[in-house]
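A quick write-up on the structure given underneath.
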Amino acid sequence: MGKKLVWFRQDLRVRDNPALHEAANEGEVVAVFIEAQEQRKQHHESAAKVGFIFDTLLELRSELNELGIPLHIKTCATFTDQISALQQCIKEYDADSIYFNREYPVNEMERDKELVERLKKEEIAVHQYDGDLALEPSLVKNKQGEPYKVFTPYKKAWIEIHKHSPIEPLSSPHKQTSNIHNQVTEDFSQEYRHDLWQAGEVAAHERLNQFLDGVDQYKDQRDIPAVAGTSFLSPYLAMGSISAKQCIHALLEHYDGDEQKLYGNTWFSEIVWREFYRQILIDNPQIAKHKAFNTSAKEVWVNNKEAFEAWKEGRTGFPIIDAAMRQLNQTGWMHNRLRMNAAMFLNKLCLVDWRLGEKYFMEKLIDGDFASNNGGWQWCSSTGADGAPYFRIMSPLSQSKRFDPKGDFIRKLVPELEGLDNKSIHEPSVEQRKKVGYPEPVIDYKSARKRALELLS
Ligand SMILES: Cc1cc2nc3c(=O)[nH]c(=O)nc-3n(C[C@H](O)[C@H](O)[C@H](O)COP(=O)(O)OP(=O)(O)OC[C@H]3O[C@@H](n4cnc5c(N)ncnc54)[C@H](O)[C@@H]3O)c2cc1C
């Protein structure tokens, strides 16, 4: 019997990995990861994310080796090359079947379709699984069997399904006896903030456990960027070193199996938002082709270049926006409240096309994830599924005063404003700006808001 080739993609974990689990039940497993470097660039994914993936793979390789499973780490240019590389692996490792977990963006789906067709001709069996969402995407439909477009009924339906078929993450596969030899490792490492992000499945679970100890404070602290009040699990979820299923299951265990506590928990809702945006992508693949979800939403962008450059560099003259953008540029991550503020500022107040902001985020984020990033940008620009209403425009000043009341976060990220008092740090005077070399506001907030409301109504 031939070997079982497991193709790792965005599911870089040993536990709760359906493709790996099933393959190991069927026979001897050989695993492969193929980095498509050119494709990654075309998708604007950041160097930080690539670097984190590479280090995650090294951790995964040692976990797999403990189980007697070799992992070959290879590189190529495009998705088309990935298919050829897989065909080569099948021959080289004498495999008779291939196992992988589905990815939902359009190019990935098209690649997988092409692979299935090619392997059919070679009589190689292809086994595909849903490992990315906690609930299989085909399950969450309305009474007419149609997909949801609004979050709240989606979440209600999600909970109903979960009540009747609770989720149980898979354990790691059993040990195999094969001797590991000649593993390929083609280096594609990149720099990222190692001091902030420790790669791998073990690190992801440590982070989850630590977060769960204080999960009851999440509701009150999640909007305060100066406090580490969220889980920081997004990079791990984005590359699959932990699964959504494992997160939900761990939260339920934290509440000793009390489902009502789980369903009422704010963090649980956020994981369901992640599921919702994936479901939206699956049912509306056009959004992966630069299309708005809501085609009748007004798109009135003028692409203010000066504002866009200032936004990217964190020198818009709005301290909270600049702090947010500098956090992104320096760490590869941005707090959720600030992602909303930064996105609405660029799109609605500066009238820059949300697609440009979406692309810039992808180029910088260590957790860059097509479905969540696109969902977030389309929500903020009021073009998305269940998006904010067009008249919702977050005021940088009020948000700053409300969520960073003492200016602690601004002081950390915009050090030139460090010496300002708690009031003026949110909106320094002309003299204060001059003194420390901090820029004048790149837009006039009041007139920009008025213009946006007129154009978008
Ligand atoms: C404009 C914009 C762009 C975004 N881009 C991304 C992105 O590229 N990748 C990404 O993972 N998230 C993105 N988000 C969602 C959210 O900001 C991050 O998931 C969150 O800040 C990550 O921090 P955390 O892990 O500490 O989150 P927690 O608050 O601890 O939440 C736990 C997990 O739930 C999921 N989650 C939380 N909020 C959301 C949300 N609004 N939408 C979808 N999933 C969510 C994430 O997987 C997150 O790790 C974006 C949001 C906006 C408004």
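Numbering starts fresh at 1 for the residues of each chain in the structure tokens, the chains themselves are lettered A, B, ... in the order given, and ligands are numbered from 1 as they appear.
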Spatial neighbours of range 369-382 of chain A, 8 Å, only C-alpha atoms, chain gap at least 6 places, as a count of residues only:
25
Would you kindly return, as a ChimeraX atom specification, each protein, DNA or RNA residue with an atom no farther than 12 Å from any atom of Lys305 in chain A, considering only C-alpha atoms and excluding same-chain residues fewer than 3 positions away?
/A:301-302,308-312,346,350-353,356,442
Which neighbours of Gly229 in chain A fall inside 10 Å, counting only C-alpha atoms, when residues of the same chain fewer than 5 positions from it are skipped, and could you give them as a list in words?
Phe211, Gly214, Val215, Gln217, Tyr218, Lys219, Asp220, Gln221, Arg222, Asp223, Ile224 and His335 of chain A
May I ask which of the residues A:Val116, A:Ile34, A:Ala342, A:Ala23 is the closest one to Leu57 in chain A, counting only C-alpha atoms?
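Of A:Val116, A:Ile34, A:Ala342, A:Ala23, the one nearest Leu57 in chain A, counting only C-alpha atoms, is A:Ile34.
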Separation of CA of Val6 in chain A from CA of Ala24 in chain A, in Å and rounded to one decimal:
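CA of Ala24 in chain A lies at a distance of 9.1 Å from CA of Val6 in chain A.
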Find the residues around Val414 in chain A up to 12 Å (only C-alpha atoms counted), leave out those fewer than 4 positions away in its own chain, and share them as a PyMOL selection string.
chain A and resi 313-327+330+407-410+418-420+425-426+436-439
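Nearest residue to ligand 1, choosing from A:Pro396, A:Gly332, A:Pro405, A:Pro235 and counting only C-alpha atoms and all ligand atoms: A:Pro235.
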Tell me which of A:Ser62, A:Gly264, A:Gly240, A:Tyr192 sits closest to Ser46 in chain A, counting only C-alpha atoms.
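That would be A:Tyr192, the residue with the smallest distance to Ser46 in chain A.
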Given only C-alpha atoms as the basis, pick out the residue of A:Lys91, A:Arg102, A:Arg13, A:Lys364 nearest to Arg61 in chain A.
A:Arg13
Distance of CA of Phe100 in chain A from CA of Asp112 in chain A, expressed in Å to one decimal place:
9.7 Å
What are the DSSP strand (DSSP E or B) residues of range 22-202 of chain A, as a list in words?
Val29, Val30, Ala31, Val32, Phe33, Ile34, Glu35, Ala36, Leu71, His72, Ile73, Lys74, Thr75, Cys76, Ala95, Asp96, Ser97, Ile98, Tyr99, Phe100, Asn101, Ala125, Val126, His127, Gln128, Tyr129 and Thr185 of chain A
Would you give me, as a tab-separated table, each residue of range 169-237 of chain A having an atom within 8 Å of an atom of range 241-263 of chain A, along with its shortest atom pair and that distance in Å to one decimal, using only C-alpha atoms and sorting by chain and residue number?
residue	atom	partner	partner_atom	distance
A:Pro169	CA	A:Gln246	CA	5.9
A:Gly200	CA	A:Ser241	CA	6.1
A:Glu201	CA	A:Ser241	CA	4.8
A:Ala204	CA	A:Ile242	CA	6.2
A:His205	CA	A:Ile242	CA	7.1
A:Leu208	CA	A:Cys247	CA	7.4
A:Leu212	CA	A:Leu251	CA	7.0
A:Tyr236	CA	A:Ser241	CA	5.1
A:Leu237	CA	A:Ile242	CA	5.5
Please build the interface table for range 12-99 of chain A against range 125-142 of chain A with a cut-off of 8 Å, listing for each qualifying residue the nearest atom pair and the distance in Å to one decimal; count only C-alpha atoms, order rows by chain and increasing number, and write it as a tab-separated table.
residue	atom	partner	partner_atom	distance
A:Asp16	CA	A:Gly131	CA	7.7
A:Asn17	CA	A:Gly131	CA	6.3
A:Pro18	CA	A:Gly131	CA	6.1
A:Ala19	CA	A:Tyr129	CA	6.1
A:Asp96	CA	A:Ala125	CA	6.7
A:Ser97	CA	A:Ala125	CA	4.5
A:Ile98	CA	A:Val126	CA	5.0
A:Tyr99	CA	A:His127	CA	4.8
Give the answer as one residue: which of A:Ile280, A:Leu397, A:Val272, A:Leu196 has the shortest atom-to-atom distance to ligand 1, using only C-alpha atoms and all ligand atoms?
A:Val272
What separation in Å, quoted to one decimal, exists between CA of Glu431 in chain A and CA of Tyr445 in chain A?
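Atom-to-atom, CA of Glu431 in chain A and CA of Tyr445 in chain A are spaced 19.2 Å apart.
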Selected residue of minimal separation from Ala85 in chain A among A:Gln10, A:Arg40, A:Lys113, A:Glu35, counting only C-alpha atoms:
A:Glu35
Quick one: residues within 12 Å of Asp81 in chain A, only C-alpha atoms counted, chain neighbours fewer than 6 positions away excluded, as a VMD selection string?
chain A and resid 34 to 39 74 to 75 87 to 88 111 114 to 115
Take the residues that were just selected and, keeping N, CA, C and O atoms, output them as a PDB file, in the first residue's frame.
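See part-v7.pdb below for the written result:
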ATOM      1  N   ILE A  34       4.324  23.390   1.116  1.00  0.00           N
ATOM      2  CA  ILE A  34       4.975  24.017  -0.049  1.00  0.00           C
ATOM      3  C   ILE A  34       4.651  25.510  -0.054  1.00  0.00           C
ATOM      4  O   ILE A  34       3.507  25.903  -0.303  1.00  0.00           O
ATOM      5  N   GLU A  35       5.642  26.317   0.221  1.00  0.00           N
ATOM      6  CA  GLU A  35       5.438  27.770   0.261  1.00  0.00           C
ATOM      7  C   GLU A  35       5.469  28.319  -1.171  1.00  0.00           C
ATOM      8  O   GLU A  35       6.486  28.202  -1.867  1.00  0.00           O
ATOM      9  N   ALA A  36       4.333  28.919  -1.612  1.00  0.00           N
ATOM     10  CA  ALA A  36       4.279  29.523  -2.955  1.00  0.00           C
ATOM     11  C   ALA A  36       4.619  31.005  -2.804  1.00  0.00           C
ATOM     12  O   ALA A  36       3.749  31.830  -2.525  1.00  0.00           O
ATOM     13  N   GLN A  37       5.894  31.331  -2.983  1.00  0.00           N
ATOM     14  CA  GLN A  37       6.387  32.654  -2.586  1.00  0.00           C
ATOM     15  C   GLN A  37       5.826  33.802  -3.421  1.00  0.00           C
ATOM     16  O   GLN A  37       5.464  34.843  -2.905  1.00  0.00           O
ATOM     17  N   GLU A  38       5.763  33.573  -4.726  1.00  0.00           N
ATOM     18  CA  GLU A  38       5.246  34.618  -5.617  1.00  0.00           C
ATOM     19  C   GLU A  38       3.759  34.856  -5.358  1.00  0.00           C
ATOM     20  O   GLU A  38       3.272  35.983  -5.307  1.00  0.00           O
ATOM     21  N   GLN A  39       3.046  33.752  -5.173  1.00  0.00           N
ATOM     22  CA  GLN A  39       1.601  33.823  -4.904  1.00  0.00           C
ATOM     23  C   GLN A  39       1.335  34.597  -3.620  1.00  0.00           C
ATOM     24  O   GLN A  39       0.432  35.424  -3.553  1.00  0.00           O
ATOM     25  N   LYS A  74       9.020  22.827   1.506  1.00  0.00           N
ATOM     26  CA  LYS A  74       9.541  23.171   0.186  1.00  0.00           C
ATOM     27  C   LYS A  74       9.071  24.555  -0.238  1.00  0.00           C
ATOM     28  O   LYS A  74       8.115  25.086   0.324  1.00  0.00           O
ATOM     29  N   THR A  75       9.687  25.093  -1.263  1.00  0.00           N
ATOM     30  CA  THR A  75       9.252  26.388  -1.798  1.00  0.00           C
ATOM     31  C   THR A  75       9.029  26.285  -3.307  1.00  0.00           C
ATOM     32  O   THR A  75       9.621  25.437  -3.980  1.00  0.00           O
ATOM     33  N   GLN A  87       2.557  16.776  -7.269  1.00  0.00           N
ATOM     34  CA  GLN A  87       2.606  15.572  -8.127  1.00  0.00           C
ATOM     35  C   GLN A  87       3.984  14.906  -7.997  1.00  0.00           C
ATOM     36  O   GLN A  87       4.102  13.684  -7.949  1.00  0.00           O
ATOM     37  N   GLN A  88       5.000  15.767  -7.932  1.00  0.00           N
ATOM     38  CA  GLN A  88       6.371  15.276  -7.760  1.00  0.00           C
ATOM     39  C   GLN A  88       6.515  14.534  -6.426  1.00  0.00           C
ATOM     40  O   GLN A  88       7.084  13.436  -6.369  1.00  0.00           O
ATOM     41  N   ARG A 111      -7.298  26.429  -7.246  1.00  0.00           N
ATOM     42  CA  ARG A 111      -6.100  25.572  -7.257  1.00  0.00           C
ATOM     43  C   ARG A 111      -6.459  24.145  -6.852  1.00  0.00           C
ATOM     44  O   ARG A 111      -6.058  23.178  -7.502  1.00  0.00           O
ATOM     45  N   GLU A 114      -8.284  22.294  -9.555  1.00  0.00           N
ATOM     46  CA  GLU A 114      -7.333  21.894 -10.598  1.00  0.00           C
ATOM     47  C   GLU A 114      -6.528  20.660 -10.155  1.00  0.00           C
ATOM     48  O   GLU A 114      -6.336  19.705 -10.916  1.00  0.00           O
ATOM     49  N   LEU A 115      -6.110  20.668  -8.903  1.00  0.00           N
ATOM     50  CA  LEU A 115      -5.333  19.540  -8.363  1.00  0.00           C
ATOM     51  C   LEU A 115      -6.159  18.251  -8.420  1.00  0.00           C
ATOM     52  O   LEU A 115      -5.673  17.203  -8.865  1.00  0.00           O
TER      53      LEU A 115
END
Range 65-69 of chain A environment, 7 Å, only C-alpha atoms, sequence neighbours closer than 6 positions dropped, as a PyMOL selection string
chain A and resi 29-31+174-180
Grab the residues selected above and save them as an mmCIF file, in the first residue's frame with N, CA, C and O atoms.
data_model
loop_
_atom_site.group_PDB
_atom_site.id
_atom_site.type_symbol
_atom_site.label_atom_id
_atom_site.label_comp_id
_atom_site.auth_asym_id
_atom_site.auth_seq_id
_atom_site.Cartn_x
_atom_site.Cartn_y
_atom_site.Cartn_z
ATOM 1 N N VAL A 29 2.092 7.951 7.063
ATOM 2 C CA VAL A 29 1.949 9.340 6.617
ATOM 3 C C VAL A 29 3.300 9.983 6.312
ATOM 4 O O VAL A 29 4.267 9.817 7.055
ATOM 5 N N VAL A 30 3.330 10.737 5.199
ATOM 6 C CA VAL A 30 4.433 11.650 4.906
ATOM 7 C C VAL A 30 3.782 13.026 4.768
ATOM 8 O O VAL A 30 2.739 13.155 4.127
ATOM 9 N N ALA A 31 4.388 14.044 5.383
ATOM 10 C CA ALA A 31 3.755 15.370 5.330
ATOM 11 C C ALA A 31 4.614 16.345 4.527
ATOM 12 O O ALA A 31 5.834 16.226 4.492
ATOM 13 N N HIS A 174 -2.015 8.803 16.114
ATOM 14 C CA HIS A 174 -1.148 7.851 16.821
ATOM 15 C C HIS A 174 0.251 7.834 16.205
ATOM 16 O O HIS A 174 0.443 8.236 15.056
ATOM 17 N N LYS A 175 1.187 7.356 17.007
ATOM 18 C CA LYS A 175 2.593 7.311 16.590
ATOM 19 C C LYS A 175 2.771 6.292 15.473
ATOM 20 O O LYS A 175 2.143 5.233 15.511
ATOM 21 N N GLN A 176 3.598 6.578 14.487
ATOM 22 C CA GLN A 176 3.886 5.550 13.480
ATOM 23 C C GLN A 176 5.333 5.098 13.615
ATOM 24 O O GLN A 176 6.167 5.800 14.171
ATOM 25 N N THR A 177 5.608 3.941 13.056
ATOM 26 C CA THR A 177 6.914 3.339 13.336
ATOM 27 C C THR A 177 8.006 3.720 12.335
ATOM 28 O O THR A 177 9.151 3.373 12.520
ATOM 29 N N SER A 178 7.638 4.468 11.297
ATOM 30 C CA SER A 178 8.619 4.719 10.224
ATOM 31 C C SER A 178 9.838 5.476 10.744
ATOM 32 O O SER A 178 9.759 6.266 11.678
ATOM 33 N N ASN A 179 10.969 5.238 10.116
ATOM 34 C CA ASN A 179 12.182 5.974 10.458
ATOM 35 C C ASN A 179 12.229 7.231 9.617
ATOM 36 O O ASN A 179 12.091 7.172 8.403
ATOM 37 N N ILE A 180 12.446 8.339 10.286
ATOM 38 C CA ILE A 180 12.482 9.593 9.535
ATOM 39 C C ILE A 180 13.876 9.791 8.954
ATOM 40 O O ILE A 180 14.867 9.680 9.651
#
Alpha helix (DSSP H) call set, DSSP backbone run, range 395-432 of chain A, as a PyMOL selection string:
chain A and resi 396-403+408-413+430-432
